[in-house]
Amino acid sequence: MSNRFALKDHFREGRLVNDRLIFSVIFTGLLFIIIMIRLVFLQVFEHEYFDSLSNRNRVDIEPLPPQRGLIYDRNGIVLAENIPTFSLELVPENVPDIDLTLNELADMFAMSDEEIDDLKLRIKHQRRFRQVIVRERLTQQEVAMFSVNRHRFTGVDVVGRLIRHYPQGALFAHTVGYVGRINEREQQYIDEQDYKGTLQIGKTGIEKYYEELLHGAVGYQRVETNVQGRVVRELFRSAPVSGSDLFLHLDTNLQRVAFDALGEFNGSVIALDPKTGAILAMVSKPEFDPNLFVSGISSKQYAALRDSPDRPLFDRALRGHYPPGSTLKPFIALAGLEMGVISEQSKSFCPGWYTLPGQDHRYRCWKSHGHGHVDLNDAISQSCDVYFYDLAHTLGIDRIHSFLDLFNFGHRSGIDIPSESAGLSPSKEWKQQNRRQVWYPGETLISGIGQGFNQTTPIQLAHATAILAMRGINITPRVARATRSSVESELELIPAIIAEPLPIERSRNWEAVIDSMVEVVHGKRGTARPVAKDMPFKIAGKTGTAQVFGIKQDEKYDADTLAKKLHDHALFIAFAPADDPEFVVVVVAEHGGGGSKTAAPIARKMIKHYFGVVSDD
Amino acid sequence: MTSLISDSSAKHKISFTRLLSHIHIDALLLLLLLSLMSAGLMILYSAGNQNPDLIVRQLIRMAMALSALIVIAQIHPDRMRDYSYWLYGAGLILLIAVLLFGHEGKGAQRWLDLGFFRFQPSELMKLAVPLLVATYLAERPLPPTFVRIFIGLVMIIVPSVLIAKQPDLGTALLIASSGLIVIFLSGISWRLIISFISLCAAALPVLWYVMHDYQRQRVLTFLNPESDPLGTGYHIIQSKIAIGSGGIFGRGWMEGTQSQLAFLPERSTDFIFAVIAEELGLVGVGLLILCYLLVAARGVYIASQAQTSFARLLAGSISLTFLVYVFVNIGMVTGLLPVVGVPLPLISYGGTSMVTLLAGFGILMSIHTHRRMMSP
């Protein structure tokens, strides 16, 4: 301050500024030492930490979903295949603004509000990192249109995928089943890892039962991605293992015959080879197109199927409960023979009705003026109810129940299709437990003709008929014949499951019952006489007519005045040739009227086709 | 033979240096600047995804900047002193014009469209402020009086506030520091410096109050980058990952995954240092920093050899401000300082800053080569 008015002293000023320069050099030197310490800290001591962060930034593991196994019929006809399609998919967590994106997609693809709502619902129920299909089976034009605008849609992409296709359409809808989108419930039990990248899972039928086999094993690739998540290059790849192909016993041609023969009737037709348990045909009607479910059925379409009074989604072959009616009679007769209650020669008198001792309720025979004196052969071939009222009364319900157990009535057959129903073979104990009521003797009578509480599924009836045809050899019905893990490898046959043979003491008893069943088809008064025409071998069969509508004591069944849904169910069981059976067929035609009129001709068509019988009908 | 060659080359070099100093170019400083710039081009090629257009445009800018350096080096320091008031006045008018009619870019008004090219008046002020303050303070004997210090401060604060209002806090702080360095070098008493620093510390809350939201956000993010990993903290997080993963020797040129796969934002401009650190490692950035320090050291040497107080103050300020640029940029990229949009000098892509920087070095060369005893 003293030199405020002094002249400039260049030397002194130079010293002053230079001192400050030296100070500044030292000060900035310190600053850069701090920078260097910071860099050493980041690049040397924290290097591994940041290196792993850097790798996590760029390396992404992508699942490679396996290709689902194909399904073939016995002749090598494809029943389920994978066809390449383009679908538009979205990963919710990568989409910055879902609503905006959906609105723009809706505009681009002219999607309805309903579709968008459905999509929003699916996005809500999905994990945020799982792909959601926006639209499937894009046309080339749609793919091009989206590709041009792709930059506007972060998190949305066109993905080439193989999707399931059922070339036979509705023909195998229930048996082969279908795949569909994995839902929340399924996500609980599937191996999350194994289903990464897989969008579909077997929902019903063979597709569900053999899911694990058909699915295969997931592979993965480690890829380097850029900041937008787009793959830059592949670092490592572990290939997926394709699912095994499945070869079924089913015969598409026979299935077609059964399908056509059943015509407009609801119901089921099952054909199997009793020697192996192989299911050759299995039809449930009404049918539906399984391909609808693959692409995600719209809620409207689904509601139509679900709410239809005909219940097309319901698999009648495995889950339809029907009273077996007279088709149960051969089994009851065998019980009577085996337990010594009747013999082949012993006769009952049928006046057209039966009364229990001390009661005046008349249990009527279907033939109102009676069959007169009938032996076993007449009773089965003419389906006399009174003979079986008498027999059932003598046997008692518990003996009937335990004998029918041998034929798997009231039990699941164990077929390789899920959600089979067990049916019902009643007993005193069952009634006490489930109805809290005592068993009335009258209930035994109607059980003897396959009515009352008796409920069987068509597959049960087919299984029991096969056991009967094989004279007691119990082979579990199977749809799948063999698997093949890859195109090069050999077929691996699925072995038949053979249970203990039935404990029938006298083999003649089998023949007695089977003879009477042959009489049903070939006898002069047999209830299924038209079936025999031009057949070069003997066929054993039994018609059945299951009551849907209870007729009061003095009324007569009159098909013309009853509404169709109250008409009787028509049933027919048969096997051929009777002495060396190769073919078992079971027909259940709902509200078909009578077994002989409706069901037997369907079975005849099946037998004719299977054995190549030429006849002019 | 060897001695002959080395002799002749040494001779050649000396004569070349002489030749350069004839046209007022300092050979050593030029060499250092050119090596920094070529290293910059190399790293820009990698950071810019090997886009040749980027390199061509940067080369054009470098050519323009070098021309500015050569032209300015021819001007005698005394002429610069004579024009300093005019330059400063013109700069102030332009700054006001920017606030009134400027073009908006990234939420800030910085550009003035002059028809044929766009101009950032704040760049002019980077040189005009230290020039004027040095001129003003050197008019009277040093150290300056309190009144002159106060007037000097006003000369600094007015343009800084105008630039901060654009808003461009980074440039405002750099311009302020270039002026403050002149005042510091002029030899003001330590007591004044300490009370000034205390005053600034007290003013921090006021500064917080007048800051823009995005500036406050930057400060908050600086204090805790992980608090907003997808927003403003993203830059710092990704930059630290890039630097840290580089290690001692780096991933190799054009091999940095953070840079090449675009995880690192603004990687060819403000965050280019992280690319160098990732690809060339600690060794690479160490050499780079050494290079910067050598440039500044040469500048400080020139300042110390200057013959007038004006030249000393100006050369010292230019050299030290250059280091402040480097420090602020690296500090910001390494997470030591808040993100304040300051490019890495001579290496970051773009802007008028390259021209301004080399013009500054042109002044240094002019000061060094116009010394009276050097005159032929």
# chains A, B, ... in the order shown; residues from 1 in each chain; ligands from 1

call {"tool": "residues_around", "arguments": {"residues": "segment 307-311 of chain A", "least_positions_apart": "6", "cutoff": "10 Å", "atoms": "only C-alpha atoms", "output": "ChimeraX atom specification"}}
result
/A:266,285-288

call {"tool": "write_last_selection", "arguments": {"atoms": "C-alpha atoms", "output": "mmCIF file, in the first residue's frame"}}
result
data_model
loop_
_atom_site.group_PDB
_atom_site.id
_atom_site.type_symbol
_atom_site.label_atom_id
_atom_site.label_comp_id
_atom_site.auth_asym_id
_atom_site.auth_seq_id
_atom_site.Cartn_x
_atom_site.Cartn_y
_atom_site.Cartn_z
ATOM 1 C CA ASN A 266 -72.891 -85.737 -29.292
ATOM 2 C CA LYS A 285 -68.264 -84.786 -30.056
ATOM 3 C CA PRO A 286 -69.034 -81.983 -30.462
ATOM 4 C CA GLU A 287 -65.572 -80.997 -31.510
ATOM 5 C CA PHE A 288 -63.685 -77.690 -31.749
#

call {"tool": "closest_atom_pairs", "arguments": {"of": "chain A", "to": "chain B", "cutoff": "8 Å", "atoms": "only C-alpha atoms", "output": "JSON lines"}}
result
{"residue": "A:Met1", "atom": "CA", "partner": "B:Thr145", "partner_atom": "CA", "distance": 7.0}
{"residue": "A:Asn3", "atom": "CA", "partner": "B:Pro141", "partner_atom": "CA", "distance": 7.6}
{"residue": "A:Arg4", "atom": "CA", "partner": "B:Thr145", "partner_atom": "CA", "distance": 7.0}
{"residue": "A:Ala6", "atom": "CA", "partner": "B:Pro141", "partner_atom": "CA", "distance": 7.1}
{"residue": "A:Leu7", "atom": "CA", "partner": "B:Pro141", "partner_atom": "CA", "distance": 6.6}
{"residue": "A:Lys8", "atom": "CA", "partner": "B:Pro141", "partner_atom": "CA", "distance": 4.8}
{"residue": "A:Asp9", "atom": "CA", "partner": "B:Pro141", "partner_atom": "CA", "distance": 7.2}
{"residue": "A:His10", "atom": "CA", "partner": "B:Thr308", "partner_atom": "CA", "distance": 7.3}
{"residue": "A:Glu13", "atom": "CA", "partner": "B:Leu142", "partner_atom": "CA", "distance": 6.0}
{"residue": "A:Gly14", "atom": "CA", "partner": "B:Ser309", "partner_atom": "CA", "distance": 6.6}
{"residue": "A:Leu16", "atom": "CA", "partner": "B:Gly187", "partner_atom": "CA", "distance": 6.0}
{"residue": "A:Val17", "atom": "CA", "partner": "B:Leu185", "partner_atom": "CA", "distance": 5.3}
{"residue": "A:Asn18", "atom": "CA", "partner": "B:Ser304", "partner_atom": "CA", "distance": 5.8}
{"residue": "A:Arg20", "atom": "CA", "partner": "B:Leu185", "partner_atom": "CA", "distance": 5.3}
{"residue": "A:Leu21", "atom": "CA", "partner": "B:Leu185", "partner_atom": "CA", "distance": 6.6}
{"residue": "A:Ser24", "atom": "CA", "partner": "B:Leu320", "partner_atom": "CA", "distance": 7.7}
{"residue": "A:Thr28", "atom": "CA", "partner": "B:Leu323", "partner_atom": "CA", "distance": 7.6}
{"residue": "A:Leu31", "atom": "CA", "partner": "B:Phe327", "partner_atom": "CA", "distance": 7.5}
{"residue": "A:Phe32", "atom": "CA", "partner": "B:Phe327", "partner_atom": "CA", "distance": 7.2}
{"residue": "A:Ile35", "atom": "CA", "partner": "B:Gly331", "partner_atom": "CA", "distance": 6.8}
{"residue": "A:Met36", "atom": "CA", "partner": "B:Gly286", "partner_atom": "CA", "distance": 7.6}
{"residue": "A:Arg38", "atom": "CA", "partner": "B:Thr334", "partner_atom": "CA", "distance": 7.4}
{"residue": "A:Leu39", "atom": "CA", "partner": "B:Leu282", "partner_atom": "CA", "distance": 7.0}
{"residue": "A:Val40", "atom": "CA", "partner": "B:Leu282", "partner_atom": "CA", "distance": 7.1}
{"residue": "A:Leu42", "atom": "CA", "partner": "B:Gly244", "partner_atom": "CA", "distance": 4.7}
{"residue": "A:Gln43", "atom": "CA", "partner": "B:Gly247", "partner_atom": "CA", "distance": 4.3}
{"residue": "A:Val44", "atom": "CA", "partner": "B:Gly247", "partner_atom": "CA", "distance": 5.7}
{"residue": "A:Glu46", "atom": "CA", "partner": "B:Gly244", "partner_atom": "CA", "distance": 6.3}
{"residue": "A:His47", "atom": "CA", "partner": "B:Gly244", "partner_atom": "CA", "distance": 4.8}
{"residue": "A:Glu48", "atom": "CA", "partner": "B:Ser245", "partner_atom": "CA", "distance": 7.0}
{"residue": "A:Tyr49", "atom": "CA", "partner": "B:Gly244", "partner_atom": "CA", "distance": 7.8}
{"residue": "A:Phe50", "atom": "CA", "partner": "B:Ile241", "partner_atom": "CA", "distance": 4.9}
{"residue": "A:Asp51", "atom": "CA", "partner": "B:Ser245", "partner_atom": "CA", "distance": 4.1}
{"residue": "A:Ser52", "atom": "CA", "partner": "B:Ser245", "partner_atom": "CA", "distance": 7.8}
{"residue": "A:Leu53", "atom": "CA", "partner": "B:Ile241", "partner_atom": "CA", "distance": 6.6}
{"residue": "A:Ser54", "atom": "CA", "partner": "B:Ile241", "partner_atom": "CA", "distance": 6.0}
{"residue": "A:Asn57", "atom": "CA", "partner": "B:Phe263", "partner_atom": "CA", "distance": 7.7}
{"residue": "A:Arg58", "atom": "CA", "partner": "B:Thr257", "partner_atom": "CA", "distance": 7.2}
{"residue": "A:Thr225", "atom": "CA", "partner": "B:Leu261", "partner_atom": "CA", "distance": 7.2}
{"residue": "A:Asn226", "atom": "CA", "partner": "B:Leu261", "partner_atom": "CA", "distance": 4.5}
{"residue": "A:Val227", "atom": "CA", "partner": "B:Phe263", "partner_atom": "CA", "distance": 5.1}

call {"tool": "write_last_selection", "arguments": {"atoms": "C-alpha atoms", "output": "compact mmCIF listing (two decimals), in the first residue's frame"}}
result
# COMPACT_ATOMS: atom_id res chain seq x y z
CA MET A 1 0.00 0.00 0.00
CA ASN A 3 3.80 2.22 -3.14
CA ARG A 4 0.36 3.42 -4.20
CA ALA A 6 5.17 4.97 -6.74
CA LEU A 7 6.43 4.49 -10.27
CA LYS A 8 6.41 1.02 -11.73
CA ASP A 9 9.26 -1.12 -10.47
CA HIS A 10 9.55 -3.78 -13.16
CA GLU A 13 6.64 -6.54 -9.94
CA GLY A 14 8.25 -9.40 -11.85
CA LEU A 16 5.85 -10.57 -7.16
CA VAL A 17 4.06 -12.13 -10.14
CA ASN A 18 6.62 -14.92 -10.40
CA ARG A 20 2.44 -16.05 -7.35
CA LEU A 21 3.12 -18.16 -10.45
CA SER A 24 -0.04 -21.46 -8.55
CA THR A 28 -2.39 -26.87 -9.46
CA LEU A 31 -4.97 -30.57 -7.71
CA PHE A 32 -3.55 -32.93 -10.31
CA ILE A 35 -6.85 -36.34 -9.87
CA MET A 36 -4.15 -38.99 -10.17
CA ARG A 38 -8.66 -40.60 -7.92
CA LEU A 39 -7.68 -42.32 -11.15
CA VAL A 40 -5.47 -44.85 -9.38
CA LEU A 42 -10.81 -46.09 -9.80
CA GLN A 43 -8.53 -47.91 -12.21
CA VAL A 44 -6.40 -49.99 -9.89
CA GLU A 46 -11.73 -50.55 -7.79
CA HIS A 47 -10.90 -52.00 -11.19
CA GLU A 48 -12.42 -55.42 -10.62
CA TYR A 49 -15.63 -53.95 -9.29
CA PHE A 50 -16.08 -51.64 -12.26
CA ASP A 51 -14.98 -54.35 -14.64
CA SER A 52 -17.80 -56.59 -13.43
CA LEU A 53 -20.23 -53.69 -13.72
CA SER A 54 -19.04 -53.10 -17.25
CA ASN A 57 -23.77 -53.74 -18.75
CA ARG A 58 -22.92 -55.44 -21.98
CA THR A 225 -25.71 -56.05 -26.28
CA ASN A 226 -25.50 -52.34 -26.79
CA VAL A 227 -27.22 -49.73 -24.67

call {"tool": "residues_around", "arguments": {"residues": "Gly592 of chain A", "least_positions_apart": "6", "cutoff": "8 Å", "atoms": "only C-alpha atoms", "output": "ChimeraX atom specification"}}
result
/A:265,567-570,598-599

call {"tool": "write_last_selection", "arguments": {"atoms": "N, CA and C atoms", "output": "short mmCIF file (atom, residue, chain, number, x, y, z; two decimals), in the first residue's frame"}}
result
data_model
loop_
_atom_site.label_atom_id
_atom_site.label_comp_id
_atom_site.auth_asym_id
_atom_site.auth_seq_id
_atom_site.Cartn_x
_atom_site.Cartn_y
_atom_site.Cartn_z
N PHE A 265 -74.52 -86.63 -33.76
CA PHE A 265 -74.72 -86.95 -32.35
C PHE A 265 -73.58 -86.41 -31.50
N HIS A 567 -84.07 -87.79 -24.65
CA HIS A 567 -84.01 -89.11 -25.29
C HIS A 567 -82.94 -89.95 -24.63
N ASP A 568 -83.10 -91.27 -24.70
CA ASP A 568 -82.11 -92.17 -24.10
C ASP A 568 -80.78 -92.07 -24.84
N HIS A 569 -79.71 -92.38 -24.09
CA HIS A 569 -78.40 -92.49 -24.73
C HIS A 569 -78.30 -93.87 -25.38
N ALA A 570 -77.70 -93.89 -26.57
CA ALA A 570 -77.52 -95.16 -27.26
C ALA A 570 -76.10 -95.64 -27.05
N THR A 598 -79.03 -96.87 -33.13
CA THR A 598 -78.09 -95.78 -33.42
C THR A 598 -76.63 -96.18 -33.23
N ALA A 599 -76.35 -96.81 -32.09
CA ALA A 599 -74.95 -97.04 -31.75
C ALA A 599 -74.35 -98.21 -32.53
#

call {"tool": "atom_distance", "arguments": {"atom1": "atom CA of Met339 of chain A", "atom2": "atom CA of Ala469 of chain A"}}
result
19.9 Å

call {"tool": "residues_around", "arguments": {"residues": "segment 481-488 of chain A", "least_positions_apart": "3", "cutoff": "10 Å", "atoms": "only C-alpha atoms", "output": "JSON list (two decimals) with C-alpha atoms, in the first residue's frame"}}
result
[["chain", "number", "residue", "atom", "x", "y", "z"],
["A", 69, "GLY", "CA", -41.61, -82.50, -30.49],
["A", 70, "LEU", "CA", -43.96, -83.46, -33.31],
["A", 71, "ILE", "CA", -46.86, -85.85, -32.92],
["A", 72, "TYR", "CA", -47.59, -88.53, -35.51],
["A", 73, "ASP", "CA", -50.32, -91.10, -35.88],
["A", 74, "ARG", "CA", -49.53, -94.79, -36.44],
["A", 213, "LEU", "CA", -41.07, -85.13, -23.31],
["A", 214, "LEU", "CA", -42.40, -82.85, -26.03],
["A", 216, "GLY", "CA", -37.25, -80.59, -24.67],
["A", 241, "VAL", "CA", -32.43, -79.88, -27.00],
["A", 242, "SER", "CA", -35.52, -80.33, -29.11],
["A", 243, "GLY", "CA", -38.45, -82.15, -27.62],
["A", 244, "SER", "CA", -38.98, -85.81, -28.52],
["A", 245, "ASP", "CA", -41.35, -86.71, -31.30],
["A", 246, "LEU", "CA", -44.31, -88.77, -30.27],
["A", 247, "PHE", "CA", -45.81, -91.61, -32.31],
["A", 248, "LEU", "CA", -49.35, -92.49, -31.37],
["A", 249, "HIS", "CA", -51.41, -95.63, -31.82],
["A", 250, "LEU", "CA", -54.17, -93.49, -33.25],
["A", 276, "THR", "CA", -51.91, -104.15, -26.64],
["A", 278, "ALA", "CA", -53.53, -99.38, -28.10],
["A", 279, "ILE", "CA", -56.14, -96.69, -28.63],
["A", 478, "ARG", "CA", -52.50, -96.18, -24.21],
["A", 491, "LEU", "CA", -38.07, -95.24, -32.02],
["A", 492, "GLU", "CA", -38.36, -96.07, -28.37],
["A", 493, "LEU", "CA", -41.48, -98.07, -27.80],
["A", 494, "ILE", "CA", -43.57, -97.28, -24.77],
["A", 495, "PRO", "CA", -44.18, -100.63, -23.07],
["A", 496, "ALA", "CA", -47.73, -101.77, -22.39]]

call {"tool": "select_by_dssp", "arguments": {"residues": "segment 363-559 of chain A", "states": "strand (DSSP E or B)", "output": "list in words"}}
result
Tyr363, Arg364, Gly372, His373, Val374, Leu424, Gln455, Thr456, Ile475, Arg478, Ala480, Arg481, Ala482, Thr483, Arg484, Glu492, Leu493, Ile498, Ala540, Gly541, Lys542, Thr543, Gly544, Thr545 and Ala546 of chain A

call {"tool": "write_last_selection", "arguments": {"atoms": "N, CA and C atoms", "output": "mmCIF file, in the first residue's frame"}}
result
data_model
loop_
_atom_site.group_PDB
_atom_site.id
_atom_site.type_symbol
_atom_site.label_atom_id
_atom_site.label_comp_id
_atom_site.auth_asym_id
_atom_site.auth_seq_id
_atom_site.Cartn_x
_atom_site.Cartn_y
_atom_site.Cartn_z
ATOM 1 N N TYR A 363 -90.795 -103.589 -11.480
ATOM 2 C CA TYR A 363 -89.618 -103.196 -12.243
ATOM 3 C C TYR A 363 -89.784 -103.764 -13.628
ATOM 4 N N ARG A 364 -89.915 -102.872 -14.617
ATOM 5 C CA ARG A 364 -90.331 -103.331 -15.931
ATOM 6 C C ARG A 364 -89.171 -103.779 -16.801
ATOM 7 N N GLY A 372 -90.721 -114.343 -21.644
ATOM 8 C CA GLY A 372 -91.019 -115.723 -21.277
ATOM 9 C C GLY A 372 -89.844 -116.353 -20.563
ATOM 10 N N HIS A 373 -89.640 -117.667 -20.727
ATOM 11 C CA HIS A 373 -88.516 -118.356 -20.077
ATOM 12 C C HIS A 373 -87.246 -118.054 -20.824
ATOM 13 N N VAL A 374 -86.227 -117.457 -20.117
ATOM 14 C CA VAL A 374 -84.960 -117.111 -20.767
ATOM 15 C C VAL A 374 -83.790 -117.706 -20.011
ATOM 16 N N LEU A 424 -68.550 -94.138 -11.634
ATOM 17 C CA LEU A 424 -69.101 -94.549 -10.338
ATOM 18 C C LEU A 424 -69.689 -95.952 -10.435
ATOM 19 N N GLN A 455 -72.360 -94.988 -13.186
ATOM 20 C CA GLN A 455 -71.869 -93.992 -14.138
ATOM 21 C C GLN A 455 -70.559 -94.523 -14.709
ATOM 22 N N THR A 456 -70.505 -94.651 -16.028
ATOM 23 C CA THR A 456 -69.229 -95.057 -16.615
ATOM 24 C C THR A 456 -68.831 -94.047 -17.675
ATOM 25 N N ILE A 475 -54.990 -104.853 -19.730
ATOM 26 C CA ILE A 475 -53.929 -103.990 -20.268
ATOM 27 C C ILE A 475 -54.429 -102.549 -20.268
ATOM 28 N N ARG A 478 -53.586 -97.131 -23.947
ATOM 29 C CA ARG A 478 -52.498 -96.179 -24.215
ATOM 30 C C ARG A 478 -52.757 -95.490 -25.544
ATOM 31 N N ALA A 480 -50.120 -93.262 -26.727
ATOM 32 C CA ALA A 480 -48.780 -93.106 -27.303
ATOM 33 C C ALA A 480 -48.127 -94.465 -27.489
ATOM 34 N N ARG A 481 -47.538 -94.637 -28.648
ATOM 35 C CA ARG A 481 -46.912 -95.911 -28.980
ATOM 36 C C ARG A 481 -45.402 -95.854 -28.737
ATOM 37 N N ALA A 482 -44.780 -94.762 -29.196
ATOM 38 C CA ALA A 482 -43.323 -94.697 -29.130
ATOM 39 C C ALA A 482 -42.874 -93.246 -29.121
ATOM 40 N N THR A 483 -41.635 -93.038 -28.713
ATOM 41 C CA THR A 483 -41.039 -91.709 -28.772
ATOM 42 C C THR A 483 -39.760 -91.786 -29.594
ATOM 43 N N ARG A 484 -39.332 -90.634 -30.066
ATOM 44 C CA ARG A 484 -38.075 -90.582 -30.814
ATOM 45 C C ARG A 484 -37.397 -89.276 -30.425
ATOM 46 N N GLU A 492 -38.345 -95.362 -29.654
ATOM 47 C CA GLU A 492 -38.358 -96.066 -28.374
ATOM 48 C C GLU A 492 -39.785 -96.400 -28.046
ATOM 49 N N LEU A 493 -40.101 -97.665 -28.037
ATOM 50 C CA LEU A 493 -41.485 -98.070 -27.800
ATOM 51 C C LEU A 493 -41.851 -97.854 -26.340
ATOM 52 N N ILE A 498 -49.385 -104.080 -18.177
ATOM 53 C CA ILE A 498 -50.262 -105.240 -18.052
ATOM 54 C C ILE A 498 -50.421 -105.582 -16.579
ATOM 55 N N ALA A 540 -68.606 -110.165 -31.181
ATOM 56 C CA ALA A 540 -69.331 -110.171 -29.910
ATOM 57 C C ALA A 540 -69.722 -108.730 -29.587
ATOM 58 N N GLY A 541 -70.957 -108.512 -29.181
ATOM 59 C CA GLY A 541 -71.380 -107.135 -28.914
ATOM 60 C C GLY A 541 -72.451 -107.097 -27.865
ATOM 61 N N LYS A 542 -72.757 -105.915 -27.467
ATOM 62 C CA LYS A 542 -73.890 -105.725 -26.549
ATOM 63 C C LYS A 542 -74.409 -104.307 -26.723
ATOM 64 N N THR A 543 -75.686 -104.238 -26.937
ATOM 65 C CA THR A 543 -76.312 -102.927 -27.059
ATOM 66 C C THR A 543 -76.664 -102.404 -25.672
ATOM 67 N N GLY A 544 -76.860 -101.118 -25.587
ATOM 68 C CA GLY A 544 -77.301 -100.534 -24.324
ATOM 69 C C GLY A 544 -78.106 -99.285 -24.608
ATOM 70 N N THR A 545 -79.108 -99.106 -23.777
ATOM 71 C CA THR A 545 -79.909 -97.904 -23.911
ATOM 72 C C THR A 545 -80.004 -97.318 -22.514
ATOM 73 N N ALA A 546 -79.381 -96.175 -22.344
ATOM 74 C CA ALA A 546 -79.303 -95.613 -21.000
ATOM 75 C C ALA A 546 -80.373 -94.559 -20.828
#

call {"tool": "residues_around", "arguments": {"residues": "Glu142 of chain A", "least_positions_apart": "6", "cutoff": "12 Å", "atoms": "only C-alpha atoms", "output": "JSON list (two decimals) with C-alpha atoms, in the first residue's frame"}}
result
[["chain", "number", "residue", "atom", "x", "y", "z"],
["A", 86, "PHE", "CA", -43.77, -63.97, -37.41],
["A", 87, "SER", "CA", -45.30, -62.56, -34.30],
["A", 88, "LEU", "CA", -45.17, -59.13, -32.77],
["A", 105, "LEU", "CA", -49.81, -50.37, -32.34],
["A", 108, "MET", "CA", -51.00, -49.52, -37.08],
["A", 109, "PHE", "CA", -52.64, -52.94, -37.05],
["A", 110, "ALA", "CA", -56.24, -51.80, -36.74],
["A", 135, "ARG", "CA", -50.19, -60.18, -32.57],
["A", 136, "GLU", "CA", -49.50, -63.52, -34.14],
["A", 148, "VAL", "CA", -40.12, -49.43, -41.08],
["A", 149, "ASN", "CA", -41.57, -47.94, -37.91],
["A", 150, "ARG", "CA", -39.59, -50.01, -35.45],
["A", 158, "VAL", "CA", -41.06, -58.85, -34.70]]
